[in-house]
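Engineer: Coordinates in target_15.pdb, PDB, C-alpha atoms and all ligand atoms, are listed below.
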MODEL        1
ATOM      1  CA  MET A   1      -8.546  -0.153 -22.659
ATOM      2  CA  ARG A   2     -12.096  -0.806 -21.470
ATOM      3  CA  THR A   3     -13.467   0.968 -18.394
ATOM      4  CA  VAL A   4     -16.221  -0.813 -16.467
ATOM      5  CA  ALA A   5     -18.072   0.021 -13.268
ATOM      6  CA  ASP A   6     -20.335  -2.996 -13.269
ATOM      7  CA  VAL A   7     -19.224  -6.285 -11.675
ATOM      8  CA  ARG A   8     -21.047  -8.414 -14.264
ATOM      9  CA  ALA A   9     -19.312  -6.609 -17.137
ATOM     10  CA  LEU A  10     -15.963  -7.031 -15.347
ATOM     11  CA  ARG A  11     -16.536 -10.771 -14.910
ATOM     12  CA  ALA A  12     -17.656 -11.237 -18.523
ATOM     13  CA  SER A  13     -14.413  -9.707 -19.872
ATOM     14  CA  ILE A  14     -12.224 -11.672 -17.494
ATOM     15  CA  GLN A  15     -13.995 -14.972 -18.141
ATOM     16  CA  ALA A  16     -13.609 -14.468 -21.896
ATOM     17  CA  TRP A  17      -9.855 -13.848 -21.477
ATOM     18  CA  LYS A  18      -9.476 -16.877 -19.231
ATOM     19  CA  LYS A  19     -11.332 -19.021 -21.756
ATOM     20  CA  ASP A  20      -8.715 -17.982 -24.301
ATOM     21  CA  GLY A  21      -6.002 -19.176 -21.911
ATOM     22  CA  HIS A  22      -4.847 -15.712 -20.796
ATOM     23  CA  ARG A  23      -3.258 -15.130 -17.419
ATOM     24  CA  ILE A  24      -4.800 -12.184 -15.538
ATOM     25  CA  GLY A  25      -2.735  -9.698 -13.531
ATOM     26  CA  PHE A  26      -4.455  -7.276 -11.146
ATOM     27  CA  VAL A  27      -3.315  -4.000  -9.565
ATOM     28  CA  PRO A  28      -5.746  -2.582  -6.977
ATOM     29  CA  THR A  29      -5.361   1.186  -6.399
ATOM     30  CA  MET A  30      -7.161   4.166  -4.960
ATOM     31  CA  GLY A  31      -6.281   6.230  -8.024
ATOM     32  CA  ASN A  32      -4.288   9.475  -8.292
ATOM     33  CA  LEU A  33      -1.743   7.327 -10.052
ATOM     34  CA  HIS A  34       1.965   8.156 -10.106
ATOM     35  CA  ALA A  35       5.167   6.447 -11.265
ATOM     36  CA  GLY A  36       4.983   4.067  -8.278
ATOM     37  CA  HIS A  37       1.576   2.743  -9.409
ATOM     38  CA  TYR A  38       2.676   2.544 -13.031
ATOM     39  CA  SER A  39       5.677   0.424 -12.001
ATOM     40  CA  LEU A  40       3.166  -2.028 -10.451
ATOM     41  CA  VAL A  41       1.193  -2.080 -13.709
ATOM     42  CA  GLU A  42       4.436  -2.811 -15.608
ATOM     43  CA  LEU A  43       5.284  -5.608 -13.172
ATOM     44  CA  ALA A  44       1.819  -7.122 -13.687
ATOM     45  CA  ARG A  45       2.293  -6.801 -17.456
ATOM     46  CA  ARG A  46       5.554  -8.782 -17.281
ATOM     47  CA  HIS A  47       3.852 -11.672 -15.478
ATOM     48  CA  ALA A  48       0.416 -11.717 -17.112
ATOM     49  CA  ASP A  49      -1.255 -11.549 -20.527
ATOM     50  CA  ARG A  50      -4.014  -9.155 -19.474
ATOM     51  CA  VAL A  51      -3.786  -6.421 -16.833
ATOM     52  CA  VAL A  52      -6.747  -5.183 -14.794
ATOM     53  CA  VAL A  53      -6.425  -2.067 -12.581
ATOM     54  CA  SER A  54      -9.071  -0.960 -10.103
ATOM     55  CA  VAL A  55      -9.510   2.622  -8.929
ATOM     56  CA  PHE A  56     -11.628   2.767  -5.794
ATOM     57  CA  VAL A  57     -11.177   5.121  -2.836
ATOM     58  CA  ASN A  58     -12.218   2.664  -0.156
ATOM     59  CA  PRO A  59     -14.154   4.426   2.629
ATOM     60  CA  THR A  60     -13.766   1.631   5.190
ATOM     61  CA  GLN A  61      -9.985   1.962   5.432
ATOM     62  CA  PHE A  62     -10.105   5.635   6.485
ATOM     63  CA  GLY A  63     -10.594   6.619  10.131
ATOM     64  CA  PRO A  64     -13.247   9.216  11.074
ATOM     65  CA  ASN A  65     -10.716  12.097  11.122
ATOM     66  CA  GLU A  66      -8.696  10.960   8.111
ATOM     67  CA  ASP A  67      -8.580  12.227   4.536
ATOM     68  CA  TYR A  68     -11.327  10.165   2.814
ATOM     69  CA  THR A  69     -13.240  13.189   1.499
ATOM     70  CA  ARG A  70     -10.164  15.132   0.366
ATOM     71  CA  TYR A  71      -8.266  12.115  -1.033
ATOM     72  CA  PRO A  72      -7.297  13.184  -4.592
ATOM     73  CA  ARG A  73      -9.668  11.806  -7.243
ATOM     74  CA  THR A  74      -8.131  12.225 -10.708
ATOM     75  CA  LEU A  75      -9.842   9.602 -12.859
ATOM     76  CA  ALA A  76      -9.417  11.459 -16.180
ATOM     77  CA  GLU A  77      -5.595  11.710 -15.778
ATOM     78  CA  ASP A  78      -5.415   8.163 -14.380
ATOM     79  CA  THR A  79      -7.256   6.839 -17.439
ATOM     80  CA  VAL A  80      -4.756   8.497 -19.810
ATOM     81  CA  GLY A  81      -1.808   7.114 -17.813
ATOM     82  CA  LEU A  82      -3.258   3.608 -17.759
ATOM     83  CA  VAL A  83      -3.772   3.628 -21.525
ATOM     84  CA  ASP A  84      -0.103   4.683 -21.884
ATOM     85  CA  HIS A  85       0.925   1.786 -19.637
ATOM     86  CA  GLN A  86      -1.077  -0.773 -21.587
ATOM     87  CA  CYS A  87      -3.691  -1.557 -18.989
ATOM     88  CA  ASP A  88      -6.399  -3.710 -20.601
ATOM     89  CA  LEU A  89      -9.284  -3.099 -18.236
ATOM     90  CA  LEU A  90      -9.985  -0.353 -15.706
ATOM     91  CA  PHE A  91     -12.503  -1.271 -12.998
ATOM     92  CA  VAL A  92     -14.106   1.741 -11.273
ATOM     93  CA  PRO A  93     -16.827   0.358  -8.984
ATOM     94  CA  ALA A  94     -19.204   2.624  -7.058
ATOM     95  CA  VAL A  95     -19.330   2.311  -3.264
ATOM     96  CA  ASP A  96     -22.533   0.238  -3.306
ATOM     97  CA  ALA A  97     -21.042  -2.278  -5.766
ATOM     98  CA  LEU A  98     -18.487  -3.151  -3.081
ATOM     99  CA  TYR A  99     -20.706  -2.546  -0.059
ATOM    100  CA  PRO A 100     -24.206  -3.662  -1.160
ATOM    101  CA  CYS A 101     -25.429  -3.931   2.457
ATOM    102  CA  GLY A 102     -24.298  -0.375   3.250
ATOM    103  CA  LEU A 103     -21.109   0.724   4.975
ATOM    104  CA  GLU A 104     -22.479   0.375   8.484
ATOM    105  CA  HIS A 105     -23.617  -3.221   8.008
ATOM    106  CA  ALA A 106     -20.760  -4.306   5.791
ATOM    107  CA  LEU A 107     -18.856  -7.528   6.299
ATOM    108  CA  ARG A 108     -15.479  -6.881   7.974
ATOM    109  CA  VAL A 109     -12.415  -9.046   7.567
ATOM    110  CA  HIS A 110      -9.904  -8.822  10.408
ATOM    111  CA  VAL A 111      -6.346 -10.055   9.937
ATOM    112  CA  PRO A 112      -4.893 -10.619  13.419
ATOM    113  CA  GLU A 113      -1.285 -10.215  14.558
ATOM    114  CA  VAL A 114       0.420  -8.707  11.524
ATOM    115  CA  GLY A 115      -2.587  -6.385  11.118
ATOM    116  CA  ASP A 116      -2.694  -5.346  14.785
ATOM    117  CA  THR A 117       0.721  -3.743  15.206
ATOM    118  CA  LEU A 118       2.245  -0.422  13.940
ATOM    119  CA  GLU A 119      -0.322   0.975  11.443
ATOM    120  CA  GLY A 120      -2.939  -1.243  13.082
ATOM    121  CA  GLU A 121      -2.302   0.521  16.426
ATOM    122  CA  HIS A 122      -2.078   4.035  15.018
ATOM    123  CA  ARG A 123      -4.962   3.701  12.541
ATOM    124  CA  PRO A 124      -7.485   1.439  14.308
ATOM    125  CA  GLY A 125      -9.715  -0.369  11.803
ATOM    126  CA  HIS A 126      -7.532   0.595   8.831
ATOM    127  CA  PHE A 127      -6.433  -2.935   7.976
ATOM    128  CA  ASP A 128      -9.944  -4.319   8.485
ATOM    129  CA  GLY A 129     -10.988  -1.934   5.713
ATOM    130  CA  VAL A 130      -8.032  -2.904   3.529
ATOM    131  CA  ALA A 131      -8.469  -6.666   4.064
ATOM    132  CA  THR A 132     -12.212  -6.408   3.436
ATOM    133  CA  VAL A 133     -11.935  -4.479   0.190
ATOM    134  CA  VAL A 134      -9.004  -6.568  -1.092
ATOM    135  CA  ALA A 135     -10.943  -9.794  -0.376
ATOM    136  CA  LYS A 136     -13.942  -8.402  -2.293
ATOM    137  CA  LEU A 137     -11.850  -7.133  -5.219
ATOM    138  CA  LEU A 138     -10.004 -10.450  -5.500
ATOM    139  CA  ALA A 139     -13.351 -12.288  -5.483
ATOM    140  CA  MET A 140     -14.640 -10.035  -8.266
ATOM    141  CA  VAL A 141     -11.563  -9.929 -10.493
ATOM    142  CA  ASP A 142     -10.388 -13.498  -9.781
ATOM    143  CA  PRO A 143      -6.852 -12.774 -11.045
ATOM    144  CA  ASP A 144      -3.975 -15.224 -11.356
ATOM    145  CA  LEU A 145      -1.686 -12.673  -9.721
ATOM    146  CA  ALA A 146      -2.066  -9.370  -7.907
ATOM    147  CA  VAL A 147       0.595  -6.717  -7.330
ATOM    148  CA  PHE A 148       1.003  -4.570  -4.208
ATOM    149  CA  GLY A 149       3.627  -1.891  -3.534
ATOM    150  CA  ALA A 150       6.379  -2.551  -0.998
ATOM    151  CA  LYS A 151       5.997   0.984   0.394
ATOM    152  CA  ASP A 152       2.924  -0.299   2.240
ATOM    153  CA  TRP A 153       4.931  -3.247   3.552
ATOM    154  CA  GLN A 154       2.531  -4.042   6.374
ATOM    155  CA  GLN A 155      -0.411  -3.974   3.948
ATOM    156  CA  LEU A 156       1.461  -6.464   1.766
ATOM    157  CA  LEU A 157       1.875  -8.824   4.749
ATOM    158  CA  VAL A 158      -1.795  -8.407   5.682
ATOM    159  CA  VAL A 159      -2.808  -9.291   2.110
ATOM    160  CA  ARG A 160      -0.493 -12.325   2.036
ATOM    161  CA  ARG A 161      -2.013 -13.603   5.286
ATOM    162  CA  LEU A 162      -5.547 -12.971   3.970
ATOM    163  CA  VAL A 163      -4.825 -14.902   0.783
ATOM    164  CA  ARG A 164      -3.222 -17.767   2.691
ATOM    165  CA  GLU A 165      -6.051 -18.124   5.233
ATOM    166  CA  LEU A 166      -8.804 -17.890   2.622
ATOM    167  CA  ALA A 167      -6.805 -20.224   0.334
ATOM    168  CA  LEU A 168      -7.345 -17.807  -2.548
ATOM    169  CA  PRO A 169      -5.769 -19.081  -5.782
ATOM    170  CA  VAL A 170      -3.816 -15.900  -6.464
ATOM    171  CA  GLU A 171      -0.109 -15.168  -6.412
ATOM    172  CA  ILE A 172       0.832 -11.943  -4.613
ATOM    173  CA  LEU A 173       3.767  -9.998  -6.064
ATOM    174  CA  ALA A 174       5.536  -7.082  -4.370
ATOM    175  CA  GLY A 175       6.587  -4.067  -6.447
ATOM    176  CA  PRO A 176       9.704  -2.205  -5.216
ATOM    177  CA  ILE A 177       9.340   1.293  -3.753
ATOM    178  CA  VAL A 178       9.734   4.054  -6.352
ATOM    179  CA  ARG A 179      11.415   7.179  -4.983
ATOM    180  CA  GLU A 180      11.818  10.793  -6.035
ATOM    181  CA  ALA A 181      15.423  11.883  -6.797
ATOM    182  CA  ASP A 182      15.799  13.126  -3.186
ATOM    183  CA  GLY A 183      14.692   9.789  -1.700
ATOM    184  CA  LEU A 184      11.069  10.588  -0.841
ATOM    185  CA  ALA A 185       8.914   7.522  -1.540
ATOM    186  CA  MET A 186       6.223   8.281  -4.103
ATOM    187  CA  SER A 187       2.767   8.560  -2.566
ATOM    188  CA  SER A 188      -0.535  10.148  -3.534
ATOM    189  CA  ARG A 189      -0.380  11.978  -0.198
ATOM    190  CA  ASN A 190       2.847  13.822  -1.145
ATOM    191  CA  ARG A 191       0.696  16.325  -3.012
ATOM    192  CA  TYR A 192      -0.708  17.547   0.338
ATOM    193  CA  LEU A 193       2.753  18.850   1.341
ATOM    194  CA  ASP A 194       3.467  22.579   1.136
ATOM    195  CA  ASP A 195       6.912  23.768  -0.049
ATOM    196  CA  ASP A 196       8.476  23.789   3.409
ATOM    197  CA  GLN A 197       7.107  20.314   4.238
ATOM    198  CA  ARG A 198       8.190  18.967   0.856
ATOM    199  CA  ALA A 199      11.729  20.192   1.561
ATOM    200  CA  ARG A 200      11.737  18.349   4.919
ATOM    201  CA  ALA A 201      10.031  15.165   3.681
ATOM    202  CA  PRO A 202      13.196  13.377   2.353
ATOM    203  CA  GLN A 203      14.407  13.222   5.972
ATOM    204  CA  LEU A 204      12.043  10.271   6.406
ATOM    205  CA  HIS A 205      14.108   8.178   4.002
ATOM    206  CA  ALA A 206      17.362   9.697   5.311
ATOM    207  CA  THR A 207      16.356   8.549   8.815
ATOM    208  CA  LEU A 208      15.738   5.018   7.543
ATOM    209  CA  GLU A 209      19.205   5.015   5.953
ATOM    210  CA  TRP A 210      20.653   6.272   9.218
ATOM    211  CA  MET A 211      18.845   3.437  11.081
ATOM    212  CA  ARG A 212      20.348   0.939   8.643
ATOM    213  CA  GLU A 213      23.861   2.298   9.161
ATOM    214  CA  SER A 214      23.491   2.399  12.947
ATOM    215  CA  SER A 215      22.168  -1.176  13.011
ATOM    216  CA  ARG A 216      25.053  -2.330  10.805
ATOM    217  CA  GLU A 217      27.475  -0.695  13.232
ATOM    218  CA  GLY A 218      25.954  -2.915  15.926
ATOM    219  CA  HIS A 219      24.041  -0.325  17.991
ATOM    220  CA  ALA A 220      21.254  -1.759  20.144
ATOM    221  CA  ARG A 221      17.793  -1.759  18.554
ATOM    222  CA  ALA A 222      16.114   0.329  21.271
ATOM    223  CA  ALA A 223      18.847   2.982  21.054
ATOM    224  CA  VAL A 224      18.531   3.171  17.260
ATOM    225  CA  GLU A 225      14.734   3.496  17.479
ATOM    226  CA  GLY A 226      14.877   6.213  20.163
ATOM    227  CA  ALA A 227      17.488   8.222  18.279
ATOM    228  CA  ALA A 228      15.502   7.890  15.029
ATOM    229  CA  MET A 229      12.386   9.327  16.729
ATOM    230  CA  ARG A 230      14.423  12.314  17.993
ATOM    231  CA  ARG A 231      16.008  12.778  14.550
ATOM    232  CA  LEU A 232      12.553  12.941  12.959
ATOM    233  CA  GLU A 233      11.339  15.424  15.578
ATOM    234  CA  ARG A 234      14.359  17.660  14.914
ATOM    235  CA  SER A 235      13.446  17.627  11.198
ATOM    236  CA  GLY A 236       9.955  18.933  11.997
ATOM    237  CA  PHE A 237       8.030  15.623  11.965
ATOM    238  CA  VAL A 238       5.640  14.346  14.595
ATOM    239  CA  PRO A 239       6.618  10.662  14.460
ATOM    240  CA  ASP A 240       4.224   7.802  15.292
ATOM    241  CA  TYR A 241       6.944   5.174  15.210
ATOM    242  CA  ALA A 242      10.473   4.430  14.006
ATOM    243  CA  VAL A 243      11.159   0.762  14.595
ATOM    244  CA  VAL A 244      13.259  -2.215  13.564
ATOM    245  CA  ARG A 245      11.154  -5.328  13.022
ATOM    246  CA  ARG A 246      11.360  -8.706  11.322
ATOM    247  CA  ALA A 247      10.428  -8.101   7.692
ATOM    248  CA  VAL A 248       8.507 -11.353   7.403
ATOM    249  CA  ASP A 249       5.954 -10.807  10.201
ATOM    250  CA  LEU A 250       6.810  -7.469  11.869
ATOM    251  CA  ALA A 251       7.622  -9.228  15.138
ATOM    252  CA  THR A 252      10.191  -7.559  17.405
ATOM    253  CA  PRO A 253      13.568  -9.205  16.733
ATOM    254  CA  ALA A 254      15.400 -11.097  19.442
ATOM    255  CA  GLU A 255      18.526  -9.511  20.953
ATOM    256  CA  GLY A 256      21.415 -10.113  18.561
ATOM    257  CA  GLU A 257      19.163 -11.067  15.606
ATOM    258  CA  ARG A 258      20.720  -9.398  12.565
ATOM    259  CA  THR A 259      19.194 -10.823   9.370
ATOM    260  CA  GLY A 260      15.786 -10.419   7.715
ATOM    261  CA  LEU A 261      15.172  -7.100   9.483
ATOM    262  CA  MET A 262      13.486  -3.962   8.255
ATOM    263  CA  ALA A 263      13.237  -0.379   9.542
ATOM    264  CA  LEU A 264       9.762   1.156   9.325
ATOM    265  CA  VAL A 265       8.686   4.728  10.043
ATOM    266  CA  ALA A 266       5.437   6.677  10.142
ATOM    267  CA  ALA A 267       5.377  10.400  10.849
ATOM    268  CA  ARG A 268       3.310  13.494  10.277
ATOM    269  CA  LEU A 269       4.339  16.726   8.610
ATOM    270  CA  GLY A 270       1.491  19.076   9.465
ATOM    271  CA  ASP A 271      -1.710  17.202   8.573
ATOM    272  CA  THR A 272       0.034  14.793   6.218
ATOM    273  CA  ARG A 273       0.984  11.362   7.469
ATOM    274  CA  LEU A 274       3.776   9.605   5.574
ATOM    275  CA  ILE A 275       5.114   6.048   5.899
ATOM    276  CA  ASP A 276       8.258   4.427   4.546
ATOM    277  CA  ASN A 277      10.501   1.417   5.125
ATOM    278  CA  LEU A 278      13.938   0.029   4.281
ATOM    279  CA  PRO A 279      15.361  -3.514   4.524
ATOM    280  CA  LEU A 280      18.411  -3.535   6.795
ATOM    281  CA  ASP A 281      20.323  -6.270   4.973
TER     282      ASP A 281
HETATM  283  O1  LIG A 301      -2.730   0.554  -1.353
HETATM  284  C1  LIG A 301      -3.834   1.007  -1.712
HETATM  285  O2  LIG A 301      -3.935   1.851  -2.591
HETATM  286  C2  LIG A 301      -5.091   0.510  -1.023
HETATM  287  O3  LIG A 301      -4.877   0.273   0.319
HETATM  288  C3  LIG A 301      -5.716  -0.719  -1.716
HETATM  289  C4  LIG A 301      -4.800  -1.914  -1.672
HETATM  290  C5  LIG A 301      -6.042  -0.379  -3.165
HETATM  291  C6  LIG A 301      -7.019  -1.100  -1.011
HETATM  292  O4  LIG A 301      -7.942  -0.061  -1.031
ENDMDL
END
Please express what this file holds, its structure, as structure tokens.
Ligand code: PAF

Structural biologist:
Amino acid sequence: MRTVADVRALRASIQAWKKDGHRIGFVPTMGNLHAGHYSLVELARRHADRVVVSVFVNPTQFGPNEDYTRYPRTLAEDTVGLVDHQCDLLFVPAVDALYPCGLEHALRVHVPEVGDTLEGEHRPGHFDGVATVVAKLLAMVDPDLAVFGAKDWQQLLVVRRLVRELALPVEILAGPIVREADGLAMSSRNRYLDDDQRARAPQLHATLEWMRESSREGHARAAVEGAAMRRLERSGFVPDYAVVRRAVDLATPAEGERTGLMALVAARLGDTRLIDNLPLD
């Protein structure tokens, strides 16, 4: 596996592979890789001849009081894991390679509608940062396909809309959520949890399963959402939302709509904010 920080070196490798007729798969990450990320690398491997992974903790997608400075940076371990998972090229750009005009004056891409709800409301500017960095990374890597995890379902929809509106010639694949044995979705932020919080954390997934059961039993959406918020509070969370939305665009479903729905939750345990989701059918 080659590791490059320089955009010209990245492009040279990729152009050489493309010239040889290879299909390029890309997995953008912020590092601190776990089994969830490696499953995305494996998915890319199955659909492409060469796999490129980026590790870049993107400052523009963190709010002023969020965890940008303490976000875990574990490049040495990540490099070993990526070699084990047959990554061909690791791209580790510096901040000024992605933001050459400085962070304050940087271009911002805004994805309306699907980017404005849920996480967009609770983390203002977050998806502008995500859409901006993903647009830049896709322009640099120029992959045939890129893989995003379904845990960040809204991010996946934002990226799909970005790619469609910019007519980028890249296929976007979704990698299924990878969970711990007790149901907790794998996330780099799980390592912030202390023992007590870690013991409570699976209740996030348990609440999603409860929302699925309640919806299947025919309970009204608003009642399910309200009860899910109270359930999370009783388990020690401070919930931001627990909602049932259309999976395809996160719009609020019409009364009686039963198919293509998804439950999504975001809640804090202490200083750690976790998100998760579950299709209802
Ligand atoms: O999901 C992530 O890790 C990040 O949001 C991404 C897509 C790498 C953009 O920084």

Engineer: Rank A:Asp142, A:Asp152, A:Asp20, A:Glu77 by their smallest atom-to-atom distance to ligand LIG 301 (chain A), using only C-alpha atoms and all ligand atoms, and report the top residue only.

Structural biologist: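 Using only C-alpha atoms and all ligand atoms, the shortest distance to ligand LIG 301 (chain A) belongs to A:Asp152.
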
Engineer: Find the residues near Leu184 in chain A: any atom within 12 Å, counting only C-alpha atoms, skip ones fewer than 2 places away on the same chain, and give them as a PDB file with C-alpha atoms, keeping the file's coordinate frame.

Structural biologist:
ATOM      1  CA  GLY A  36       4.983   4.067  -8.278  1.00  0.00           C
ATOM      2  CA  LYS A 151       5.997   0.984   0.394  1.00  0.00           C
ATOM      3  CA  ILE A 177       9.340   1.293  -3.753  1.00  0.00           C
ATOM      4  CA  VAL A 178       9.734   4.054  -6.352  1.00  0.00           C
ATOM      5  CA  ARG A 179      11.415   7.179  -4.983  1.00  0.00           C
ATOM      6  CA  GLU A 180      11.818  10.793  -6.035  1.00  0.00           C
ATOM      7  CA  ALA A 181      15.423  11.883  -6.797  1.00  0.00           C
ATOM      8  CA  ASP A 182      15.799  13.126  -3.186  1.00  0.00           C
ATOM      9  CA  MET A 186       6.223   8.281  -4.103  1.00  0.00           C
ATOM     10  CA  SER A 187       2.767   8.560  -2.566  1.00  0.00           C
ATOM     11  CA  SER A 188      -0.535  10.148  -3.534  1.00  0.00           C
ATOM     12  CA  ARG A 189      -0.380  11.978  -0.198  1.00  0.00           C
ATOM     13  CA  ASN A 190       2.847  13.822  -1.145  1.00  0.00           C
ATOM     14  CA  LEU A 193       2.753  18.850   1.341  1.00  0.00           C
ATOM     15  CA  GLN A 197       7.107  20.314   4.238  1.00  0.00           C
ATOM     16  CA  ARG A 198       8.190  18.967   0.856  1.00  0.00           C
ATOM     17  CA  ALA A 199      11.729  20.192   1.561  1.00  0.00           C
ATOM     18  CA  ARG A 200      11.737  18.349   4.919  1.00  0.00           C
ATOM     19  CA  ALA A 201      10.031  15.165   3.681  1.00  0.00           C
ATOM     20  CA  PRO A 202      13.196  13.377   2.353  1.00  0.00           C
ATOM     21  CA  GLN A 203      14.407  13.222   5.972  1.00  0.00           C
ATOM     22  CA  LEU A 204      12.043  10.271   6.406  1.00  0.00           C
ATOM     23  CA  HIS A 205      14.108   8.178   4.002  1.00  0.00           C
ATOM     24  CA  ALA A 206      17.362   9.697   5.311  1.00  0.00           C
ATOM     25  CA  THR A 207      16.356   8.549   8.815  1.00  0.00           C
ATOM     26  CA  LEU A 208      15.738   5.018   7.543  1.00  0.00           C
ATOM     27  CA  GLU A 209      19.205   5.015   5.953  1.00  0.00           C
ATOM     28  CA  LEU A 274       3.776   9.605   5.574  1.00  0.00           C
ATOM     29  CA  ILE A 275       5.114   6.048   5.899  1.00  0.00           C
ATOM     30  CA  ASP A 276       8.258   4.427   4.546  1.00  0.00           C
ATOM     31  CA  ASN A 277      10.501   1.417   5.125  1.00  0.00           C
TER      32      ASN A 277
END

Engineer: Using all atoms listed in the file, which protein or nucleic acid residues come within 8 Å of range 264-268 of chain A? Drop anything in the same chain fewer than 2 positions from it, and give the result as JSON, numbers by chain.

Structural biologist: {"A": [204, 208, 232, 237, 238, 239, 240, 241, 242, 243, 244, 245, 262, 270, 271, 272, 273, 274, 275, 276, 277, 278]}

Engineer: Applied to the shown file, which residues does the PyMOL selection byres (((not hetatm)) within 8 of (chain A and resi 301)) return, written as a count of residues only?

Structural biologist: 20

Engineer: Using the chain letters and numbers from the file, which residues does the PyMOL selection byres (((chain A and resi 47) around 9) and not hetatm) grab, as a list of chain:residue names?

Structural biologist: A:Arg23, A:Ile24, A:Gly25, A:Glu42, A:Leu43, A:Ala44, A:Arg45, A:Arg46, A:Ala48, A:Asp49, A:Leu145

Engineer: Please measure the separation of CA of Asp144 in chain A and CA of Ala9 in chain A, giving the value in Å to one decimal.

Structural biologist: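 Computed distance, CA of Asp144 in chain A to CA of Ala9 in chain A, equals 18.5 Å.
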
Engineer: Could you jot down the CA of Pro72 in chain A to CA of Ser13 in chain A separation for me, Å, one decimal place?

Structural biologist: 28.4 Å

Engineer: Run the PyMOL selection byres (((chain A and resi 174) around 8) and not hetatm) mentally over the shown coordinates, then write out the matched residues as a ChimeraX atom specification, using the chain letters and numbers from the document.

Structural biologist: /A:147-150,156,172-173,175-176

Engineer: Could you turn the residues from that selection into a file that holds C-alpha atoms, as an mmCIF file, keeping the file's coordinate frame?

Structural biologist:
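And here is the file that came out, again.cif:
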data_model
loop_
_atom_site.group_PDB
_atom_site.id
_atom_site.type_symbol
_atom_site.label_atom_id
_atom_site.label_comp_id
_atom_site.auth_asym_id
_atom_site.auth_seq_id
_atom_site.Cartn_x
_atom_site.Cartn_y
_atom_site.Cartn_z
ATOM 1 C CA VAL A 147 0.595 -6.717 -7.330
ATOM 2 C CA PHE A 148 1.003 -4.570 -4.208
ATOM 3 C CA GLY A 149 3.627 -1.891 -3.534
ATOM 4 C CA ALA A 150 6.379 -2.551 -0.998
ATOM 5 C CA LEU A 156 1.461 -6.464 1.766
ATOM 6 C CA ILE A 172 0.832 -11.943 -4.613
ATOM 7 C CA LEU A 173 3.767 -9.998 -6.064
ATOM 8 C CA GLY A 175 6.587 -4.067 -6.447
ATOM 9 C CA PRO A 176 9.704 -2.205 -5.216
#
